[in-house]
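Everything below belongs to input16.tsv, which stores TSV, C-alpha atoms.
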```tsv
chain	number	residue	atom	x	y	z
A	16	MET	CA	154.60	170.15	105.86
A	17	THR	CA	151.31	171.59	104.56
A	18	LEU	CA	148.25	170.58	106.58
A	19	SER	CA	144.94	169.82	104.92
A	20	ARG	CA	142.34	171.71	106.94
A	21	LYS	CA	139.68	169.37	105.55
A	22	LEU	CA	141.23	166.50	107.53
A	23	ILE	CA	141.34	168.31	110.89
A	24	PRO	CA	138.24	167.52	112.98
A	25	ASP	CA	136.40	169.91	115.26
A	26	LEU	CA	137.97	169.32	118.68
A	27	VAL	CA	134.69	170.20	120.39
A	28	ALA	CA	133.06	167.31	118.55
A	29	VAL	CA	135.95	164.98	119.47
A	30	GLN	CA	135.61	166.02	123.11
A	31	ALA	CA	131.85	165.37	123.00
A	32	PHE	CA	132.47	161.90	121.53
A	33	GLU	CA	135.09	160.99	124.15
A	34	CYS	CA	132.90	162.16	127.00
A	35	ALA	CA	129.82	160.33	125.69
A	36	ALA	CA	131.88	157.15	125.21
A	37	ARG	CA	133.21	157.37	128.76
A	38	HIS	CA	129.73	157.81	130.26
A	39	ALA	CA	127.85	155.67	127.69
A	40	SER	CA	125.32	158.51	127.79
A	41	PHE	CA	124.77	161.75	125.90
A	42	THR	CA	122.89	163.15	128.89
A	43	ARG	CA	125.72	162.58	131.40
A	44	ALA	CA	128.25	163.84	128.83
A	45	GLY	CA	126.17	167.01	128.50
A	46	ARG	CA	126.26	167.56	132.26
A	47	GLU	CA	130.05	167.26	132.30
A	48	LEU	CA	130.50	169.56	129.31
A	49	ASN	CA	127.76	171.99	130.37
A	50	LEU	CA	125.82	171.25	127.19
A	51	THR	CA	122.35	169.93	126.50
A	52	GLN	CA	121.86	166.29	125.55
A	53	SER	CA	120.79	167.36	122.05
A	54	ALA	CA	123.93	169.52	121.65
A	55	VAL	CA	126.15	166.53	122.47
A	56	SER	CA	124.17	164.39	120.04
A	57	ARG	CA	124.63	167.01	117.28
A	58	GLN	CA	128.38	167.18	117.92
A	59	VAL	CA	128.69	163.39	117.69
A	60	LYS	CA	126.61	163.26	114.49
A	61	GLU	CA	128.82	165.97	112.98
A	62	LEU	CA	131.93	163.91	113.83
A	63	GLU	CA	130.31	160.79	112.37
A	64	ARG	CA	129.63	162.67	109.13
A	65	PHE	CA	133.21	163.93	109.11
A	66	LEU	CA	134.60	160.37	109.56
A	67	GLY	CA	132.01	158.71	107.35
A	68	THR	CA	131.08	156.08	109.92
A	69	LEU	CA	128.78	155.47	112.88
A	70	LEU	CA	130.59	155.80	116.21
A	71	PHE	CA	127.67	154.74	118.40
A	72	GLU	CA	124.83	152.29	118.14
A	73	ARG	CA	121.62	153.69	119.57
A	74	ILE	CA	120.00	150.87	121.57
A	75	ARG	CA	116.72	151.86	123.21
A	76	GLN	CA	117.72	154.83	125.37
A	77	ARG	CA	121.40	153.87	125.63
A	78	VAL	CA	124.35	154.60	123.38
A	79	VAL	CA	126.92	151.86	122.84
A	80	LEU	CA	130.19	152.26	120.97
A	81	SER	CA	130.24	150.68	117.55
A	82	GLU	CA	133.25	148.69	116.37
A	83	ASP	CA	134.55	151.79	114.56
A	84	GLY	CA	133.87	153.85	117.70
A	85	ARG	CA	135.95	151.46	119.84
A	86	ARG	CA	138.83	151.73	117.39
A	87	PHE	CA	138.62	155.53	117.23
A	88	LEU	CA	138.31	156.15	121.00
A	89	PRO	CA	142.03	155.66	121.90
A	90	GLU	CA	143.03	157.94	119.05
A	91	ALA	CA	140.51	160.57	120.13
A	92	ARG	CA	141.85	160.50	123.68
A	93	LYS	CA	145.42	160.78	122.41
A	94	LEU	CA	144.47	163.77	120.24
A	95	LEU	CA	142.78	165.55	123.16
A	96	GLN	CA	145.68	164.83	125.51
A	97	GLN	CA	148.27	166.07	123.00
A	98	THR	CA	146.22	169.21	122.39
A	99	GLU	CA	145.99	169.93	126.13
A	100	GLU	CA	149.72	169.29	126.64
A	101	THR	CA	150.57	171.56	123.69
A	102	MET	CA	148.45	174.39	125.07
A	103	LEU	CA	149.85	174.01	128.60
A	104	ARG	CA	153.41	174.10	127.26
A	105	ALA	CA	152.63	177.21	125.22
A	106	MET	CA	151.02	178.89	128.25
A	107	SER	CA	153.89	177.97	130.59
A	108	SER	CA	156.49	179.52	128.27
A	109	ALA	CA	154.45	182.49	127.06
A	110	ASP	CA	156.67	185.08	128.77
A	111	ALA	CA	159.92	183.12	128.50
A	112	ALA	CA	162.87	183.99	126.31
A	113	SER	CA	162.94	180.33	125.18
A	114	SER	CA	161.85	176.88	126.32
A	115	LEU	CA	163.26	173.36	126.23
A	116	SER	CA	161.36	170.09	126.57
A	117	ILE	CA	163.43	167.21	127.94
A	118	ALA	CA	162.53	163.52	128.31
A	119	THR	CA	164.52	161.75	131.00
A	120	LEU	CA	164.64	158.38	132.71
A	121	PRO	CA	162.44	158.58	135.84
A	122	THR	CA	164.96	157.86	138.63
A	123	PHE	CA	167.81	159.63	136.85
A	124	GLY	CA	165.55	162.65	136.46
A	125	SER	CA	164.40	162.78	140.08
A	126	ARG	CA	167.66	161.89	141.81
A	127	TRP	CA	170.45	163.22	139.60
A	128	LEU	CA	169.05	165.74	137.13
A	129	SER	CA	166.43	167.72	139.08
A	130	PRO	CA	168.74	168.81	141.94
A	131	ARG	CA	171.17	170.21	139.35
A	132	LEU	CA	168.68	172.06	137.14
A	133	PRO	CA	168.81	175.30	139.18
A	134	ASP	CA	172.44	175.63	138.09
A	135	PHE	CA	171.43	175.46	134.42
A	136	LEU	CA	168.70	178.05	134.97
A	137	ARG	CA	171.13	180.40	136.74
A	138	ARG	CA	173.39	180.19	133.70
A	139	ASN	CA	170.46	180.57	131.29
A	140	PRO	CA	168.02	183.11	132.72
A	141	GLY	CA	164.60	183.33	131.11
A	142	VAL	CA	164.54	179.70	129.95
A	143	ILE	CA	161.50	177.56	130.80
A	144	LEU	CA	162.07	173.80	131.13
A	145	ASN	CA	159.44	171.14	130.47
A	146	VAL	CA	160.72	167.85	131.91
A	147	GLY	CA	158.92	164.54	131.36
A	148	SER	CA	159.80	160.94	132.17
A	149	ARG	CA	160.22	158.23	129.54
A	150	SER	CA	161.74	154.81	130.22
A	151	THR	CA	162.26	153.71	126.62
A	152	PRO	CA	163.14	155.35	123.30
A	153	PHE	CA	160.27	156.97	121.40
A	154	ASP	CA	159.67	158.65	118.06
A	155	PHE	CA	160.40	162.38	118.35
A	156	GLU	CA	157.79	162.96	115.65
A	157	ASP	CA	155.11	161.56	117.98
A	158	GLU	CA	156.29	163.31	121.16
A	159	ASN	CA	156.78	167.01	121.85
A	160	PHE	CA	160.32	166.79	123.21
A	161	ASP	CA	163.37	168.71	122.01
A	162	MET	CA	165.78	166.13	123.44
A	163	ALA	CA	166.03	163.04	125.63
A	164	ILE	CA	168.41	161.43	128.11
A	165	HIS	CA	168.88	157.79	127.15
A	166	TYR	CA	170.47	154.79	128.87
A	167	GLY	CA	171.59	152.01	126.55
A	168	GLN	CA	173.52	151.86	123.31
A	169	PRO	CA	173.97	154.95	121.09
A	170	VAL	CA	171.05	153.90	118.88
A	171	TRP	CA	167.87	155.97	118.48
A	172	ALA	CA	165.69	156.05	115.37
A	173	ARG	CA	165.98	159.46	113.70
A	174	GLY	CA	168.01	160.72	116.68
A	175	THR	CA	171.61	161.79	117.22
A	176	CYS	CA	173.29	160.50	120.41
A	177	THR	CA	176.01	162.32	122.38
A	178	TYR	CA	177.89	160.29	125.00
A	179	LEU	CA	177.53	161.52	128.58
A	180	CYS	CA	179.00	158.83	130.84
A	181	SER	CA	179.27	155.14	131.54
A	182	GLU	CA	177.72	153.56	134.62
A	183	SER	CA	179.47	151.90	137.54
A	184	ILE	CA	177.52	149.87	140.10
A	185	LEU	CA	178.50	148.36	143.44
A	186	PRO	CA	176.84	146.41	146.30
A	187	VAL	CA	175.19	148.49	149.03
A	188	ALA	CA	172.92	147.94	152.01
A	189	SER	CA	171.13	150.01	154.62
A	190	GLY	CA	173.19	151.64	157.34
A	191	ALA	CA	171.61	149.32	159.91
A	192	LEU	CA	172.52	146.17	157.96
A	193	ALA	CA	176.02	147.50	157.38
A	194	LYS	CA	176.61	148.01	161.11
A	195	GLY	CA	175.56	144.46	161.87
A	196	ALA	CA	177.55	142.92	159.03
A	197	GLY	CA	180.96	144.40	159.80
A	198	ASP	CA	183.71	144.00	157.20
A	199	MET	CA	182.42	141.92	154.31
A	200	ALA	CA	184.15	139.75	151.72
A	201	PRO	CA	182.48	139.25	148.34
A	202	ALA	CA	181.71	135.61	149.20
A	203	ASP	CA	179.64	136.73	152.20
A	204	LEU	CA	177.02	138.13	149.81
A	205	LEU	CA	176.28	134.64	148.44
A	206	GLU	CA	174.22	133.95	151.57
A	207	LYS	CA	172.62	137.38	151.91
A	208	PRO	CA	169.13	138.43	150.67
A	209	LEU	CA	169.63	140.03	147.28
A	210	LEU	CA	167.48	142.71	145.66
A	211	HIS	CA	167.16	142.81	141.87
A	212	LEU	CA	166.21	145.35	139.23
A	213	ALA	CA	163.73	143.51	136.98
A	214	THR	CA	164.92	145.31	133.85
A	215	ARG	CA	168.51	144.21	134.52
A	216	PRO	CA	168.10	140.67	135.91
A	217	LYS	CA	171.72	139.57	135.35
A	218	LEU	CA	173.49	142.29	137.36
A	219	TRP	CA	174.24	140.13	140.40
A	220	SER	CA	175.36	137.27	138.18
A	221	ARG	CA	177.79	139.60	136.39
A	222	TRP	CA	179.06	141.00	139.68
A	223	PHE	CA	179.70	137.56	141.24
A	224	GLU	CA	181.47	136.49	138.05
A	225	HIS	CA	183.52	139.71	138.16
A	226	VAL	CA	184.80	138.91	141.68
A	227	GLY	CA	185.48	135.27	140.83
A	228	LEU	CA	182.52	133.63	142.57
A	229	PRO	CA	179.93	131.10	141.35
A	230	THR	CA	176.69	132.52	140.02
A	231	GLU	CA	174.21	129.78	140.91
A	232	ARG	CA	172.66	131.81	143.74
A	233	ALA	CA	172.74	135.12	141.89
A	234	TYR	CA	169.07	135.21	140.84
A	235	ARG	CA	167.26	134.64	144.14
A	236	GLY	CA	165.56	137.49	145.97
A	237	HIS	CA	163.01	140.26	145.56
A	238	ARG	CA	162.57	142.13	142.26
A	239	PHE	CA	161.65	145.75	141.54
A	240	ASP	CA	161.08	147.40	138.17
A	241	GLN	CA	162.39	150.89	139.04
A	242	PHE	CA	165.65	152.07	140.60
A	243	SER	CA	163.63	154.38	142.85
A	244	MET	CA	161.80	151.41	144.37
A	245	ILE	CA	164.87	149.25	144.86
A	246	ILE	CA	166.69	152.18	146.52
A	247	GLU	CA	163.86	152.63	149.03
A	248	ALA	CA	163.68	148.87	149.66
A	249	THR	CA	167.42	148.82	150.34
A	250	ILE	CA	167.15	151.75	152.76
A	251	ALA	CA	164.35	149.86	154.53
A	252	GLY	CA	166.68	146.91	155.10
A	253	MET	CA	165.08	144.37	152.76
A	254	GLY	CA	168.44	143.22	151.45
A	255	TYR	CA	171.54	144.02	149.44
A	256	ALA	CA	171.38	145.77	146.06
A	257	LEU	CA	173.68	146.68	143.19
A	258	LEU	CA	173.23	150.40	142.62
A	259	PRO	CA	174.99	153.18	140.69
A	260	ARG	CA	176.80	155.47	143.11
A	261	TYR	CA	175.57	158.64	141.35
A	262	LEU	CA	171.96	157.79	142.22
A	263	ILE	CA	172.63	157.34	145.95
A	264	ASP	CA	175.19	160.04	146.77
A	265	ARG	CA	172.90	161.63	149.37
A	266	GLU	CA	172.09	158.34	151.08
A	267	LEU	CA	175.74	157.35	151.23
A	268	ALA	CA	176.67	160.73	152.70
A	269	SER	CA	173.92	160.55	155.31
A	270	GLY	CA	174.63	156.95	156.30
A	271	LYS	CA	171.24	155.64	155.16
A	272	LEU	CA	173.15	153.42	152.74
A	273	ALA	CA	176.66	152.00	152.89
A	274	VAL	CA	178.97	150.34	150.38
A	275	MET	CA	179.41	146.73	151.48
A	276	VAL	CA	182.19	145.63	149.11
A	277	ASP	CA	184.10	148.31	147.22
A	278	LYS	CA	184.40	146.35	143.99
A	279	PRO	CA	182.39	148.18	141.33
A	280	ILE	CA	181.70	146.92	137.83
A	281	THR	CA	180.93	148.97	134.74
A	282	THR	CA	177.76	148.07	132.88
A	283	GLU	CA	177.76	147.48	129.14
A	284	ASN	CA	175.44	150.44	128.50
A	285	SER	CA	175.98	154.18	128.92
A	286	TYR	CA	174.05	157.46	129.18
A	287	TYR	CA	173.52	159.65	126.12
A	288	ALA	CA	171.88	162.97	125.31
A	289	VAL	CA	169.71	162.54	122.23
A	290	VAL	CA	168.33	165.19	119.89
A	291	PRO	CA	166.14	164.49	116.86
A	292	GLU	CA	167.96	164.64	113.55
A	293	SER	CA	165.69	167.50	112.59
A	294	GLY	CA	166.69	169.40	115.75
A	295	ARG	CA	170.48	169.24	115.55
A	296	THR	CA	170.54	173.01	115.09
A	297	ASN	CA	168.52	173.60	118.29
A	298	GLU	CA	170.98	175.89	120.06
A	299	LEU	CA	169.36	175.53	123.48
A	300	ALA	CA	169.40	171.71	123.27
A	301	GLN	CA	173.09	171.85	122.37
A	302	ARG	CA	173.71	174.21	125.29
A	303	PHE	CA	171.89	171.84	127.65
A	304	THR	CA	173.92	168.88	126.34
A	305	ALA	CA	177.16	170.76	126.95
A	306	TRP	CA	175.96	171.62	130.47
A	307	LEU	CA	175.14	167.94	131.12
A	308	ILE	CA	178.65	166.94	130.07
A	309	GLY	CA	180.08	169.51	132.48
A	310	GLN	CA	177.88	168.24	135.31
A	311	VAL	CA	178.95	164.65	134.69
A	312	ALA	CA	182.59	165.70	134.73
A	313	GLY	CA	182.02	167.54	138.01
A	314	THR	CA	180.35	164.49	139.55
A	315	ALA	CA	183.22	162.26	138.49
```
Will you turn the file into structure tokens for me?
Amino acid sequence: MTLSRKLIPDLVAVQAFECAARHASFTRAGRELNLTQSAVSRQVKELERFLGTLLFERIRQRVVLSEDGRRFLPEARKLLQQTEETMLRAMSSADAASSLSIATLPTFGSRWLSPRLPDFLRRNPGVILNVGSRSTPFDFEDENFDMAIHYGQPVWARGTCTYLCSESILPVASGALAKGAGDMAPADLLEKPLLHLATRPKLWSRWFEHVGLPTERAYRGHRFDQFSMIIEATIAGMGYALLPRYLIDRELASGKLAVMVDKPITTENSYYAVVPESGRTNELAQRFTAWLIGQVAGTA
């Protein structure tokens, strides 16, 4: 793609605009940027000429964003943030043989992926990894990632999905609750405090149905929107949760968590490695995907 240099603004002017908008003052923006008030004003006027619109309304001795300025501000901030992230990535991998940017689900990344990454780096010396968290699919054209780890169905706009593994969940509780509960039957959980993952509100209902129990009481209890939070709440003894075993291996081994009823169910979604269609020839992304598949097989 050929870029039109005439349509690329001066980033110094964009930075001056963002700073002045944040402070509602050219003077305070100048202090932050180590510029004079008149220099900030010139930068903003230059950007206004470039865009062909007024970004601020000058009211007495104050500057107030115009309607066009309010619309442009989020885009300006996004441009500055992307520029900073691009430069930091380039600086971090300046001496590396190659680099790979990976988007991963937050809890999967912190609990399963990160402890295993040293193995990948031992096998691939000189590689620099940039790992970010994303909870939902995104457009690879808008984000600077070479690949992503996705939970759901094998559907991603302009992306190619490679199956990694399915997910099996089972009821667990803190070690303290487990000691007090003794041997449990599935029906015992009908009267226990249940913990729910807000993004998967029907898990307990599916589990009770799986073990042949009524589901009327399956939706009561506390809700959390991240696996990391529900894991910590379970460890703290707030109640009983349905969790994937691969996310809590350490806690099960240490006794912080215990399986209450060994009757797992498999969820309808799975984990996939995703690369953009334009990046299917990215050899390092393919190598990382193959390594992920090997790690999953080793875990199983």
- Task: Write out as a PyMOL selection string the residues lying within 9 Å of A:Ser40, counting all atoms listed in the file and excluding same-chain residues fewer than 3 positions away.
- Result: chain A and resi 34-37+43-45+52+76-79
- Write out as a VMD selection string which residues come within 12 Å of A:Gly195 when counting all atoms listed in the file, dropping same-chain ones fewer than 5 positions away. chain A and resid 188 to 190 252 273 275
- Task: Excluding A:Asp161 and residues on its chain fewer than 5 positions from it, collect all residues at most 7 Å away from it, counting all atoms listed in the file, and give them as a PyMOL selection string.
- Result: chain A and resi 115-117+290+300
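For the atom pair formed by atom CA of A:Ala39 and atom CA of A:Asp25, the distance is 20.7 Å, given to one decimal.
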- Contacts of A:Val276 at 7 Å or less, counting all atoms listed in the file, minus same-chain residues fewer than 5 places along, as number ranges by chain? A: 186, 199-201
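The gap separating atom CA of A:Glu224 from atom CA of A:Glu182 is 17.8 Å, in Å to one decimal.
Atom CA of A:Arg85 sits 16.4 Å away from atom CA of A:Phe41.
Proximity to A:Ser285 at 10 Å, evaluated using all atoms listed in the file and with sequence-adjacent residues fewer than 4 positions away removed, yields His165, Tyr166, Gly167, Gln168, Pro169, Tyr178, Leu179, Cys180, Ser181, Glu182, Ser183 and Thr281 of chain A.
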